[in-house]
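Raw my_file.cif, mmCIF, C-alpha atoms, pLDDT in the B column; chains and numbers go by the auth columns:
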```cif
data_my_file
#
loop_
_atom_site.group_PDB
_atom_site.id
_atom_site.type_symbol
_atom_site.label_atom_id
_atom_site.label_comp_id
_atom_site.label_asym_id
_atom_site.label_seq_id
_atom_site.Cartn_x
_atom_site.Cartn_y
_atom_site.Cartn_z
_atom_site.B_iso_or_equiv
_atom_site.auth_seq_id
_atom_site.auth_asym_id
ATOM 1 C CA MET A 1 13.636 -7.958 10.083 39.00 115 F
ATOM 2 C CA GLY A 2 12.057 -10.680 12.141 45.00 116 F
ATOM 3 C CA ASN A 3 8.406 -11.514 11.944 60.00 117 F
ATOM 4 C CA HIS A 4 6.567 -12.328 15.165 75.00 118 F
ATOM 5 C CA TYR A 5 3.144 -12.790 13.584 85.00 119 F
ATOM 6 C CA SER A 6 1.594 -15.922 12.101 86.00 120 F
ATOM 7 C CA ALA A 7 -1.109 -15.966 9.464 88.00 121 F
ATOM 8 C CA ARG A 8 -4.482 -17.358 10.507 90.00 122 F
ATOM 9 C CA GLN A 9 -5.568 -20.412 8.539 89.00 123 F
ATOM 10 C CA ALA A 10 -8.961 -20.729 6.861 91.00 124 F
ATOM 11 C CA ASP A 11 -11.154 -23.807 7.232 92.00 125 F
ATOM 12 C CA SER A 12 -12.380 -25.932 4.324 89.00 126 F
ATOM 13 C CA GLN A 13 -15.069 -23.336 3.577 90.00 127 F
ATOM 14 C CA GLY A 14 -12.557 -20.478 3.459 90.00 128 F
ATOM 15 C CA PHE A 15 -13.694 -19.095 6.828 94.00 129 F
ATOM 16 C CA ILE A 16 -11.103 -17.677 9.234 96.00 130 F
ATOM 17 C CA ASP A 17 -12.093 -17.835 12.891 96.00 131 F
ATOM 18 C CA TYR A 18 -10.751 -14.792 14.733 97.00 132 F
ATOM 19 C CA SER A 19 -10.923 -14.280 18.468 97.00 133 F
ATOM 20 C CA ASP A 20 -13.103 -11.669 20.151 98.00 134 F
ATOM 21 C CA ASP A 21 -9.953 -9.743 21.025 97.00 135 F
ATOM 22 C CA GLU A 22 -8.843 -9.697 17.386 97.00 136 F
ATOM 23 C CA HIS A 23 -12.238 -8.450 16.270 98.00 137 F
ATOM 24 C CA ALA A 24 -12.048 -5.769 18.957 98.00 138 F
ATOM 25 C CA THR A 25 -8.650 -4.655 17.639 98.00 139 F
ATOM 26 C CA TRP A 26 -10.137 -4.276 14.151 98.00 140 F
ATOM 27 C CA GLN A 27 -12.938 -2.175 15.616 98.00 141 F
ATOM 28 C CA ILE A 28 -10.499 0.112 17.398 98.00 142 F
ATOM 29 C CA LEU A 29 -8.465 0.589 14.227 98.00 143 F
ATOM 30 C CA ILE A 30 -11.333 1.256 11.846 98.00 144 F
ATOM 31 C CA GLU A 31 -13.354 3.481 14.159 98.00 145 F
ATOM 32 C CA ARG A 32 -10.442 5.760 14.924 97.00 146 F
ATOM 33 C CA GLN A 33 -9.203 5.863 11.307 98.00 147 F
ATOM 34 C CA LEU A 34 -12.460 6.633 9.479 98.00 148 F
ATOM 35 C CA PRO A 35 -12.925 10.134 10.965 97.00 149 F
ATOM 36 C CA CYS A 36 -9.304 10.987 10.119 97.00 150 F
ATOM 37 C CA LEU A 37 -9.892 10.339 6.431 98.00 151 F
ATOM 38 C CA ALA A 38 -12.644 12.926 6.009 96.00 152 F
ATOM 39 C CA GLY A 39 -11.274 15.646 3.725 96.00 153 F
ATOM 40 C CA ARG A 40 -8.014 13.734 3.334 98.00 154 F
ATOM 41 C CA ALA A 41 -8.755 10.523 1.387 98.00 155 F
ATOM 42 C CA CYS A 42 -9.378 10.820 -2.356 98.00 156 F
ATOM 43 C CA ALA A 43 -12.900 10.448 -3.726 98.00 157 F
ATOM 44 C CA GLU A 44 -11.964 7.202 -5.482 98.00 158 F
ATOM 45 C CA TYR A 45 -10.961 5.639 -2.184 98.00 159 F
ATOM 46 C CA GLN A 46 -14.124 6.840 -0.465 98.00 160 F
ATOM 47 C CA ALA A 47 -16.234 5.411 -3.291 98.00 161 F
ATOM 48 C CA GLY A 48 -14.472 2.057 -2.951 98.00 162 F
ATOM 49 C CA LEU A 49 -14.928 2.081 0.794 98.00 163 F
ATOM 50 C CA ASP A 50 -18.664 2.635 0.309 98.00 164 F
ATOM 51 C CA LEU A 51 -18.787 -0.361 -2.032 98.00 165 F
ATOM 52 C CA LEU A 52 -16.920 -2.621 0.386 98.00 166 F
ATOM 53 C CA GLU A 53 -19.177 -1.768 3.335 98.00 167 F
ATOM 54 C CA LEU A 54 -16.527 -2.992 5.749 98.00 168 F
ATOM 55 C CA PRO A 55 -17.906 -4.138 9.103 98.00 169 F
ATOM 56 C CA ARG A 56 -16.801 -2.163 12.119 98.00 170 F
ATOM 57 C CA ASP A 57 -17.274 -4.773 14.820 98.00 171 F
ATOM 58 C CA ARG A 58 -15.410 -7.680 13.209 98.00 172 F
ATOM 59 C CA ILE A 59 -12.660 -8.552 10.755 98.00 173 F
ATOM 60 C CA PRO A 60 -14.196 -9.151 7.329 98.00 174 F
ATOM 61 C CA GLN A 61 -13.826 -12.494 5.596 98.00 175 F
ATOM 62 C CA LEU A 62 -11.859 -12.492 2.344 98.00 176 F
ATOM 63 C CA GLY A 63 -14.862 -13.849 0.447 97.00 177 F
ATOM 64 C CA GLU A 64 -16.806 -10.715 1.358 98.00 178 F
ATOM 65 C CA ILE A 65 -14.099 -8.557 -0.186 98.00 179 F
ATOM 66 C CA ASN A 66 -13.930 -10.704 -3.325 98.00 180 F
ATOM 67 C CA ALA A 67 -17.680 -10.420 -3.831 98.00 181 F
ATOM 68 C CA VAL A 68 -17.134 -6.675 -4.336 98.00 182 F
ATOM 69 C CA LEU A 69 -13.777 -6.590 -6.139 98.00 183 F
ATOM 70 C CA ALA A 70 -14.491 -9.256 -8.757 98.00 184 F
ATOM 71 C CA PRO A 71 -17.423 -7.517 -10.495 98.00 185 F
ATOM 72 C CA CYS A 72 -15.710 -4.108 -10.232 97.00 186 F
ATOM 73 C CA THR A 73 -12.259 -4.823 -11.652 98.00 187 F
ATOM 74 C CA GLY A 74 -11.740 -8.602 -11.784 98.00 188 F
ATOM 75 C CA TRP A 75 -9.474 -8.564 -8.735 98.00 189 F
ATOM 76 C CA SER A 76 -9.572 -10.811 -5.699 98.00 190 F
ATOM 77 C CA VAL A 77 -7.700 -11.074 -2.415 98.00 191 F
ATOM 78 C CA VAL A 78 -5.668 -14.137 -1.466 97.00 192 F
ATOM 79 C CA ALA A 79 -4.538 -15.202 1.992 95.00 193 F
ATOM 80 C CA VAL A 80 -0.761 -15.262 2.435 94.00 194 F
ATOM 81 C CA PRO A 81 1.724 -15.473 5.336 84.00 195 F
ATOM 82 C CA ALA A 82 2.931 -12.196 6.831 74.00 196 F
ATOM 83 C CA LEU A 83 5.850 -11.981 4.403 82.00 197 F
ATOM 84 C CA ILE A 84 6.120 -13.496 0.930 90.00 198 F
ATOM 85 C CA SER A 85 8.846 -13.631 -1.703 93.00 199 F
ATOM 86 C CA PHE A 86 9.074 -11.093 -4.503 94.00 200 F
ATOM 87 C CA ASP A 87 8.394 -13.891 -6.984 96.00 201 F
ATOM 88 C CA ARG A 88 5.135 -14.753 -5.253 96.00 202 F
ATOM 89 C CA PHE A 89 4.172 -11.103 -4.811 97.00 203 F
ATOM 90 C CA PHE A 90 4.568 -10.248 -8.493 98.00 204 F
ATOM 91 C CA GLU A 91 2.930 -13.492 -9.572 98.00 205 F
ATOM 92 C CA LEU A 92 -0.189 -12.686 -7.562 98.00 206 F
ATOM 93 C CA LEU A 93 -0.456 -9.118 -8.849 98.00 207 F
ATOM 94 C CA ALA A 94 0.076 -10.290 -12.419 98.00 208 F
ATOM 95 C CA HIS A 95 -3.003 -12.484 -11.982 98.00 209 F
ATOM 96 C CA ARG A 96 -5.084 -9.719 -10.366 98.00 210 F
ATOM 97 C CA GLN A 97 -4.783 -11.273 -6.931 98.00 211 F
ATOM 98 C CA PHE A 98 -3.883 -9.049 -4.007 98.00 212 F
ATOM 99 C CA PRO A 99 -1.988 -10.700 -1.126 97.00 213 F
ATOM 100 C CA VAL A 100 -3.526 -10.295 2.323 97.00 214 F
ATOM 101 C CA ALA A 101 -1.744 -11.412 5.481 94.00 215 F
ATOM 102 C CA THR A 102 -4.462 -12.961 7.648 96.00 216 F
ATOM 103 C CA PHE A 103 -3.345 -11.715 11.057 96.00 217 F
ATOM 104 C CA ILE A 104 -4.085 -8.483 12.875 96.00 218 F
ATOM 105 C CA ARG A 105 -1.622 -6.428 14.877 95.00 219 F
ATOM 106 C CA ARG A 106 -1.323 -6.531 18.639 94.00 220 F
ATOM 107 C CA ARG A 107 -2.675 -3.728 20.813 93.00 221 F
ATOM 108 C CA ASP A 108 0.862 -2.518 21.591 92.00 222 F
ATOM 109 C CA GLU A 109 1.447 -1.982 17.853 93.00 223 F
ATOM 110 C CA LEU A 110 -1.770 -0.210 16.939 92.00 224 F
ATOM 111 C CA ASP A 111 0.007 2.817 15.504 91.00 225 F
ATOM 112 C CA TYR A 112 2.734 1.113 13.509 86.00 226 F
ATOM 113 C CA LEU A 113 4.118 -2.268 12.586 83.00 227 F
ATOM 114 C CA GLN A 114 6.535 -3.243 9.831 81.00 228 F
ATOM 115 C CA GLU A 115 4.658 -6.368 8.766 85.00 229 F
ATOM 116 C CA PRO A 116 1.549 -5.715 6.669 90.00 230 F
ATOM 117 C CA ASP A 117 -1.501 -7.003 8.553 95.00 231 F
ATOM 118 C CA ILE A 118 -5.084 -7.536 7.469 97.00 232 F
ATOM 119 C CA PHE A 119 -6.134 -4.036 8.504 98.00 233 F
ATOM 120 C CA HIS A 120 -3.447 -2.467 6.344 97.00 234 F
ATOM 121 C CA GLU A 121 -4.239 -4.707 3.372 97.00 235 F
ATOM 122 C CA ILE A 122 -8.038 -4.571 3.492 98.00 236 F
ATOM 123 C CA PHE A 123 -8.684 -1.074 4.817 98.00 237 F
ATOM 124 C CA GLY A 124 -5.668 0.547 3.192 98.00 238 F
ATOM 125 C CA HIS A 125 -5.630 -1.049 -0.249 98.00 239 F
ATOM 126 C CA CYS A 126 -8.808 -2.852 -1.241 98.00 240 F
ATOM 127 C CA ALA A 127 -11.013 0.211 -1.673 98.00 241 F
ATOM 128 C CA MET A 128 -8.614 1.512 -4.343 98.00 242 F
ATOM 129 C CA LEU A 129 -8.734 -1.831 -6.162 98.00 243 F
ATOM 130 C CA THR A 130 -12.370 -1.077 -7.051 98.00 244 F
ATOM 131 C CA ASN A 131 -11.061 1.760 -9.250 97.00 245 F
ATOM 132 C CA PRO A 132 -10.291 0.603 -12.826 96.00 246 F
ATOM 133 C CA ALA A 133 -7.307 2.915 -13.417 96.00 247 F
ATOM 134 C CA PHE A 134 -5.635 1.989 -10.141 97.00 248 F
ATOM 135 C CA ALA A 135 -6.466 -1.707 -10.573 97.00 249 F
ATOM 136 C CA ASP A 136 -5.027 -1.790 -14.099 97.00 250 F
ATOM 137 C CA PHE A 137 -1.843 -0.051 -13.000 97.00 251 F
ATOM 138 C CA THR A 138 -1.352 -2.581 -10.191 97.00 252 F
ATOM 139 C CA HIS A 139 -1.913 -5.414 -12.672 97.00 253 F
ATOM 140 C CA THR A 140 0.621 -3.947 -15.111 96.00 254 F
ATOM 141 C CA TYR A 141 3.075 -3.502 -12.267 97.00 255 F
ATOM 142 C CA GLY A 142 2.749 -7.172 -11.355 97.00 256 F
ATOM 143 C CA GLN A 143 3.301 -8.294 -14.946 96.00 257 F
ATOM 144 C CA LEU A 144 6.376 -6.115 -15.212 96.00 258 F
ATOM 145 C CA GLY A 145 7.843 -7.293 -11.933 97.00 259 F
ATOM 146 C CA LEU A 146 7.299 -10.937 -12.804 95.00 260 F
ATOM 147 C CA SER A 147 9.761 -10.729 -15.702 93.00 261 F
ATOM 148 C CA ALA A 148 12.149 -8.174 -14.137 95.00 262 F
ATOM 149 C CA SER A 149 15.661 -8.920 -12.961 95.00 263 F
ATOM 150 C CA LYS A 150 16.626 -8.717 -9.299 95.00 264 F
ATOM 151 C CA GLU A 151 18.197 -5.295 -9.854 95.00 265 F
ATOM 152 C CA GLU A 152 15.171 -4.024 -11.762 96.00 266 F
ATOM 153 C CA ARG A 153 12.855 -5.162 -8.971 97.00 267 F
ATOM 154 C CA VAL A 154 14.700 -2.934 -6.516 96.00 268 F
ATOM 155 C CA PHE A 155 13.883 0.061 -8.705 97.00 269 F
ATOM 156 C CA LEU A 156 10.305 -1.133 -9.213 97.00 270 F
ATOM 157 C CA ALA A 157 9.862 -1.350 -5.446 97.00 271 F
ATOM 158 C CA ARG A 158 10.279 2.442 -5.323 98.00 272 F
ATOM 159 C CA LEU A 159 7.504 2.898 -7.856 98.00 273 F
ATOM 160 C CA TYR A 160 5.151 0.787 -5.744 98.00 274 F
ATOM 161 C CA TRP A 161 6.203 2.574 -2.568 98.00 275 F
ATOM 162 C CA PHE A 162 5.556 6.085 -3.869 98.00 276 F
ATOM 163 C CA THR A 163 2.240 5.207 -5.542 98.00 277 F
ATOM 164 C CA VAL A 164 0.321 2.234 -4.140 98.00 278 F
ATOM 165 C CA GLU A 165 1.684 2.673 -0.620 98.00 279 F
ATOM 166 C CA PHE A 166 2.420 6.386 -0.191 98.00 280 F
ATOM 167 C CA GLY A 167 0.883 8.227 -3.119 98.00 281 F
ATOM 168 C CA LEU A 168 -0.875 11.596 -3.029 98.00 282 F
ATOM 169 C CA LEU A 169 -3.308 13.009 -5.559 98.00 283 F
ATOM 170 C CA GLN A 170 -3.935 16.611 -6.615 97.00 284 F
ATOM 171 C CA THR A 171 -7.665 17.300 -6.945 97.00 285 F
ATOM 172 C CA GLU A 172 -9.862 20.348 -7.388 96.00 286 F
ATOM 173 C CA GLN A 173 -10.552 20.164 -3.667 95.00 287 F
ATOM 174 C CA GLY A 174 -6.837 20.061 -2.817 97.00 288 F
ATOM 175 C CA LEU A 175 -4.339 17.338 -1.947 98.00 289 F
ATOM 176 C CA ARG A 176 -5.838 13.939 -1.244 98.00 290 F
ATOM 177 C CA ILE A 177 -4.436 10.545 -0.260 98.00 291 F
ATOM 178 C CA TYR A 178 -4.668 7.333 -2.316 98.00 292 F
ATOM 179 C CA GLY A 179 -1.721 5.345 -0.921 98.00 293 F
ATOM 180 C CA GLY A 180 -2.703 2.502 1.382 98.00 294 F
ATOM 181 C CA GLY A 181 0.302 2.930 3.641 97.00 295 F
ATOM 182 C CA ILE A 182 -0.973 6.391 4.544 98.00 296 F
ATOM 183 C CA LEU A 183 -4.678 5.565 4.599 98.00 297 F
ATOM 184 C CA SER A 184 -4.204 2.784 7.145 97.00 298 F
ATOM 185 C CA SER A 185 -1.925 4.832 9.425 96.00 299 F
ATOM 186 C CA ILE A 186 -3.457 7.336 11.824 96.00 300 F
ATOM 187 C CA GLY A 187 -0.161 9.165 12.235 96.00 301 F
ATOM 188 C CA GLU A 188 0.822 9.340 8.581 97.00 302 F
ATOM 189 C CA THR A 189 -2.683 10.373 7.467 97.00 303 F
ATOM 190 C CA ALA A 190 -2.295 13.692 9.283 96.00 304 F
ATOM 191 C CA TYR A 191 1.445 14.001 8.657 98.00 305 F
ATOM 192 C CA ALA A 192 1.315 13.472 4.882 98.00 306 F
ATOM 193 C CA LEU A 193 -0.885 16.542 4.322 98.00 307 F
ATOM 194 C CA SER A 194 0.837 18.708 6.915 98.00 308 F
ATOM 195 C CA ASP A 195 3.513 21.337 6.265 97.00 309 F
ATOM 196 C CA THR A 196 6.307 19.034 7.460 97.00 310 F
ATOM 197 C CA PRO A 197 7.147 16.709 4.526 98.00 311 F
ATOM 198 C CA ARG A 198 8.255 17.712 1.054 98.00 312 F
ATOM 199 C CA ARG A 199 5.955 17.054 -1.895 98.00 313 F
ATOM 200 C CA ALA A 200 6.886 16.918 -5.571 98.00 314 F
ATOM 201 C CA PRO A 201 4.985 16.377 -8.821 98.00 315 F
ATOM 202 C CA PHE A 202 5.019 12.733 -9.896 98.00 316 F
ATOM 203 C CA ALA A 203 7.837 12.102 -12.378 97.00 317 F
ATOM 204 C CA LEU A 204 8.496 8.450 -13.115 97.00 318 F
ATOM 205 C CA GLN A 205 12.267 8.659 -13.364 96.00 319 F
ATOM 206 C CA ASP A 206 12.522 10.700 -10.164 98.00 320 F
ATOM 207 C CA VAL A 207 10.378 8.159 -8.326 98.00 321 F
ATOM 208 C CA LEU A 208 12.580 5.293 -9.491 98.00 322 F
ATOM 209 C CA ARG A 209 15.673 7.119 -8.217 98.00 323 F
ATOM 210 C CA THR A 210 14.338 8.098 -4.782 98.00 324 F
ATOM 211 C CA PRO A 211 15.502 6.012 -1.799 97.00 325 F
ATOM 212 C CA TYR A 212 13.098 5.384 1.069 96.00 326 F
ATOM 213 C CA ARG A 213 12.910 3.792 4.489 94.00 327 F
ATOM 214 C CA ILE A 214 10.001 1.774 5.796 92.00 328 F
ATOM 215 C CA ASP A 215 10.394 2.632 9.469 91.00 329 F
ATOM 216 C CA ILE A 216 10.007 6.439 9.440 94.00 330 F
ATOM 217 C CA MET A 217 7.460 8.988 8.350 95.00 331 F
ATOM 218 C CA GLN A 218 8.161 9.759 4.716 96.00 332 F
ATOM 219 C CA PRO A 219 10.213 12.909 4.118 97.00 333 F
ATOM 220 C CA LEU A 220 8.917 13.153 0.530 98.00 334 F
ATOM 221 C CA TYR A 221 5.679 12.290 -1.257 98.00 335 F
ATOM 222 C CA TYR A 222 5.028 12.325 -5.004 98.00 336 F
ATOM 223 C CA VAL A 223 1.778 13.887 -6.176 98.00 337 F
ATOM 224 C CA LEU A 224 -0.188 12.575 -9.158 97.00 338 F
ATOM 225 C CA PRO A 225 -2.313 14.979 -11.225 96.00 339 F
ATOM 226 C CA SER A 226 -4.937 12.216 -11.583 95.00 340 F
ATOM 227 C CA LEU A 227 -5.271 8.464 -11.213 94.00 341 F
ATOM 228 C CA ASP A 228 -5.598 8.207 -14.976 93.00 342 F
ATOM 229 C CA SER A 229 -1.937 9.197 -15.217 93.00 343 F
ATOM 230 C CA LEU A 230 -1.138 5.846 -13.576 91.00 344 F
ATOM 231 C CA TYR A 231 -3.339 4.064 -16.100 87.00 345 F
ATOM 232 C CA THR A 232 -1.444 5.617 -19.011 89.00 346 F
ATOM 233 C CA LEU A 233 1.934 4.336 -17.808 90.00 347 F
ATOM 234 C CA THR A 234 2.852 1.484 -20.167 90.00 348 F
ATOM 235 C CA ARG A 235 5.218 -1.369 -19.450 90.00 349 F
ATOM 236 C CA GLU A 236 7.527 -0.069 -22.187 93.00 350 F
ATOM 237 C CA GLU A 237 7.667 3.419 -20.693 94.00 351 F
ATOM 238 C CA ILE A 238 8.378 2.099 -17.212 96.00 352 F
ATOM 239 C CA LEU A 239 11.170 -0.144 -18.509 94.00 353 F
ATOM 240 C CA ALA A 240 12.730 2.679 -20.509 95.00 354 F
ATOM 241 C CA GLN A 241 12.693 5.032 -17.537 96.00 355 F
ATOM 242 C CA LEU A 242 13.999 2.264 -15.288 96.00 356 F
ATOM 243 C CA THR A 243 16.983 1.753 -17.597 96.00 357 F
ATOM 244 C CA ARG A 244 17.728 5.461 -17.531 96.00 358 F
ATOM 245 C CA ALA A 245 17.320 5.604 -13.748 97.00 359 F
ATOM 246 C CA LYS A 246 19.919 2.857 -13.349 96.00 360 F
ATOM 247 C CA GLU A 247 22.330 4.872 -15.497 97.00 361 F
ATOM 248 C CA LEU A 248 21.810 8.055 -13.488 97.00 362 F
ATOM 249 C CA GLY A 249 21.848 6.419 -10.050 96.00 363 F
ATOM 250 C CA LEU A 250 19.934 7.280 -6.890 97.00 364 F
ATOM 251 C CA PHE A 251 19.288 10.666 -5.361 98.00 365 F
ATOM 252 C CA GLU A 252 20.825 11.451 -1.997 96.00 366 F
ATOM 253 C CA PRO A 253 18.547 10.209 0.801 96.00 367 F
ATOM 254 C CA LEU A 254 16.428 12.826 2.553 95.00 368 F
ATOM 255 C CA TYR A 255 16.759 11.018 5.884 92.00 369 F
ATOM 256 C CA PRO A 256 19.641 10.356 8.293 84.00 370 F
ATOM 257 C CA PRO A 257 21.342 6.961 8.470 80.00 371 F
ATOM 258 C CA ARG A 258 19.293 4.281 10.199 77.00 372 F
ATOM 259 C CA GLN A 259 21.477 4.034 13.295 63.00 373 F
ATOM 260 C CA ILE A 260 20.812 7.650 14.320 43.00 374 F
ATOM 261 C CA GLN A 261 17.168 7.872 13.245 41.00 375 F
ATOM 262 C CA ALA A 262 14.605 6.703 15.786 43.00 376 F
ATOM 263 C CA ALA A 263 11.962 4.450 14.261 39.00 377 F
ATOM 264 C CA ARG A 264 8.370 5.552 14.702 39.00 378 F
#
```
What do you get writing this file as structure tokens?
Amino acid sequence: MGNHYSARQADSQGFIDYSDDEHATWQILIERQLPCLAGRACAEYQAGLDLLELPRDRIPQLGEINAVLAPCTGWSVVAVPALISFDRFFELLAHRQFPVATFIRRRDELDYLQEPDIFHEIFGHCAMLTNPAFADFTHTYGQLGLSASKEERVFLARLYWFTVEFGLLQTEQGLRIYGGGILSSIGETAYALSDTPRRAPFALQDVLRTPYRIDIMQPLYYVLPSLDSLYTLTREEILAQLTRAKELGLFEPLYPPRQIQAAR
């Protein structure tokens, strides 16, 4: 996959100077996404969003995000290029640093792009990092990935995908979204809670054995009973289930082969 975006560089004070057009793109994205999340995003995400007080008319500076995350959970965000290595990714998470690509998508890719941009990272993920259970799970995940083998990291990628990126939560009010890949996507926000995709109770070994594609709407989502169930996952339990998942092998994909499936 080629990358046609370049990260914006900060000055000596850590300030990133975005253009008026880039700020306007942020405003379009946030103002159309916020109404879609009402009754769909989990309460923990909404609480984090309230704490962040994200501006609507401009792209926030990373220092503004850190001023909220640090006292909440000890996390911070760090500017990175559009794509980074697995080694760097796990290293950052293991040190409670969340990577943020400092570019914003073009107007012709408002609905979907494969590279994670600053809207996806800040709007989709940072509100959840104010939640201690979610923040601790992400930290544990980073520590685990840092010492994992190449093969183990492939299995761990599925755990991240079906939780941090595309996780759903069962609440007393009904199904709610906590995954940043859904929360930052206007199409997937509505789709994920519709009658179209399959949903299954979160089971660690099943998650590790489920293949996925990044360029389609997800055919299956895993549903947590609570965010605390992420917090209780230990490194030892994840490793044990990972070993068993490798022995059992992957489930059959729930999607057609790439060459006959149109990307969204």
On this structure, which residues satisfy the PyMOL selection byres ((chain F and resi 285-294) around 7), written as a CSV table (one decimal) with C-alpha atoms, in the frame of the given file?
```csv
chain,number,residue,atom,x,y,z
F,154,ARG,CA,-8.0,13.7,3.3
F,155,ALA,CA,-8.8,10.5,1.4
F,156,CYS,CA,-9.4,10.8,-2.4
F,159,TYR,CA,-11.0,5.6,-2.2
F,238,GLY,CA,-5.7,0.5,3.2
F,239,HIS,CA,-5.6,-1.0,-0.2
F,277,THR,CA,2.2,5.2,-5.5
F,278,VAL,CA,0.3,2.2,-4.1
F,279,GLU,CA,1.7,2.7,-0.6
F,280,PHE,CA,2.4,6.4,-0.2
F,281,GLY,CA,0.9,8.2,-3.1
F,282,LEU,CA,-0.9,11.6,-3.0
F,283,LEU,CA,-3.3,13.0,-5.6
F,284,GLN,CA,-3.9,16.6,-6.6
F,295,GLY,CA,0.3,2.9,3.6
F,296,ILE,CA,-1.0,6.4,4.5
F,297,LEU,CA,-4.7,5.6,4.6
F,298,SER,CA,-4.2,2.8,7.1
```
For this session: On this file, the PyMOL selection byres ((chain F and resi 356) around 9) gives some set of residues; write that set as a list in words.
Result: Glu266, Phe269, Leu270, Leu318, Gln319, Leu322, Arg323, Glu351, Ile352, Leu353, Ala354, Gln355, Thr357, Arg358, Ala359, Lys360 and Glu361 of chain F
For this session: Quick one: everything within 10 Å of Arg210 of chain F, counting all atoms listed in the file, minus sequence neighbours fewer than 5 positions away in the same chain. Send it as a ChimeraX atom specification.
Result: /F:184,187-192,204-205,243,249-250,252-254,256-257
Mind listing whatever residues come within 12 Å of the point (21.5, 9.7, 2.1)? Use all atoms listed in the file, file coordinates, and give them as a JSON list (two decimals) with C-alpha atoms, keeping the file's coordinate frame.
```json
[["chain", "number", "residue", "atom", "x", "y", "z"],
["F", 324, "THR", "CA", 14.34, 8.10, -4.78],
["F", 325, "PRO", "CA", 15.50, 6.01, -1.80],
["F", 326, "TYR", "CA", 13.10, 5.38, 1.07],
["F", 327, "ARG", "CA", 12.91, 3.79, 4.49],
["F", 333, "PRO", "CA", 10.21, 12.91, 4.12],
["F", 364, "LEU", "CA", 19.93, 7.28, -6.89],
["F", 365, "PHE", "CA", 19.29, 10.67, -5.36],
["F", 366, "GLU", "CA", 20.82, 11.45, -2.00],
["F", 367, "PRO", "CA", 18.55, 10.21, 0.80],
["F", 368, "LEU", "CA", 16.43, 12.83, 2.55],
["F", 369, "TYR", "CA", 16.76, 11.02, 5.88],
["F", 370, "PRO", "CA", 19.64, 10.36, 8.29],
["F", 371, "PRO", "CA", 21.34, 6.96, 8.47],
["F", 372, "ARG", "CA", 19.29, 4.28, 10.20]]
```
For this session: Excluding Glu229 of chain F and residues on its chain fewer than 2 positions from it, collect all residues at most 10 Å away from it, counting only C-alpha atoms, and give them as a list of chain:residue names.
Result: F:Met115, F:Gly116, F:Asn117, F:His118, F:Tyr119, F:Ala196, F:Leu197, F:Ala215, F:Phe217, F:Ile218, F:Arg219, F:Tyr226, F:Leu227, F:Asp231, F:Ile232, F:His234
Problem set entry | Nearest-residue call for Arg349 of chain F, choices F:Leu260, F:Leu224, F:Ala152, F:Ile142, using only C-alpha atoms |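 Ranked by minimum distance to Arg349 of chain F, first place goes to F:Leu260.
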For this session: Fewer than 6 positions away in the same chain doesn't count, so skip those; otherwise give me all residues within 6 Å of Phe316 of chain F, counting only C-alpha atoms, as an MDAnalysis selection string.
Result: chainID F and resid 336:338
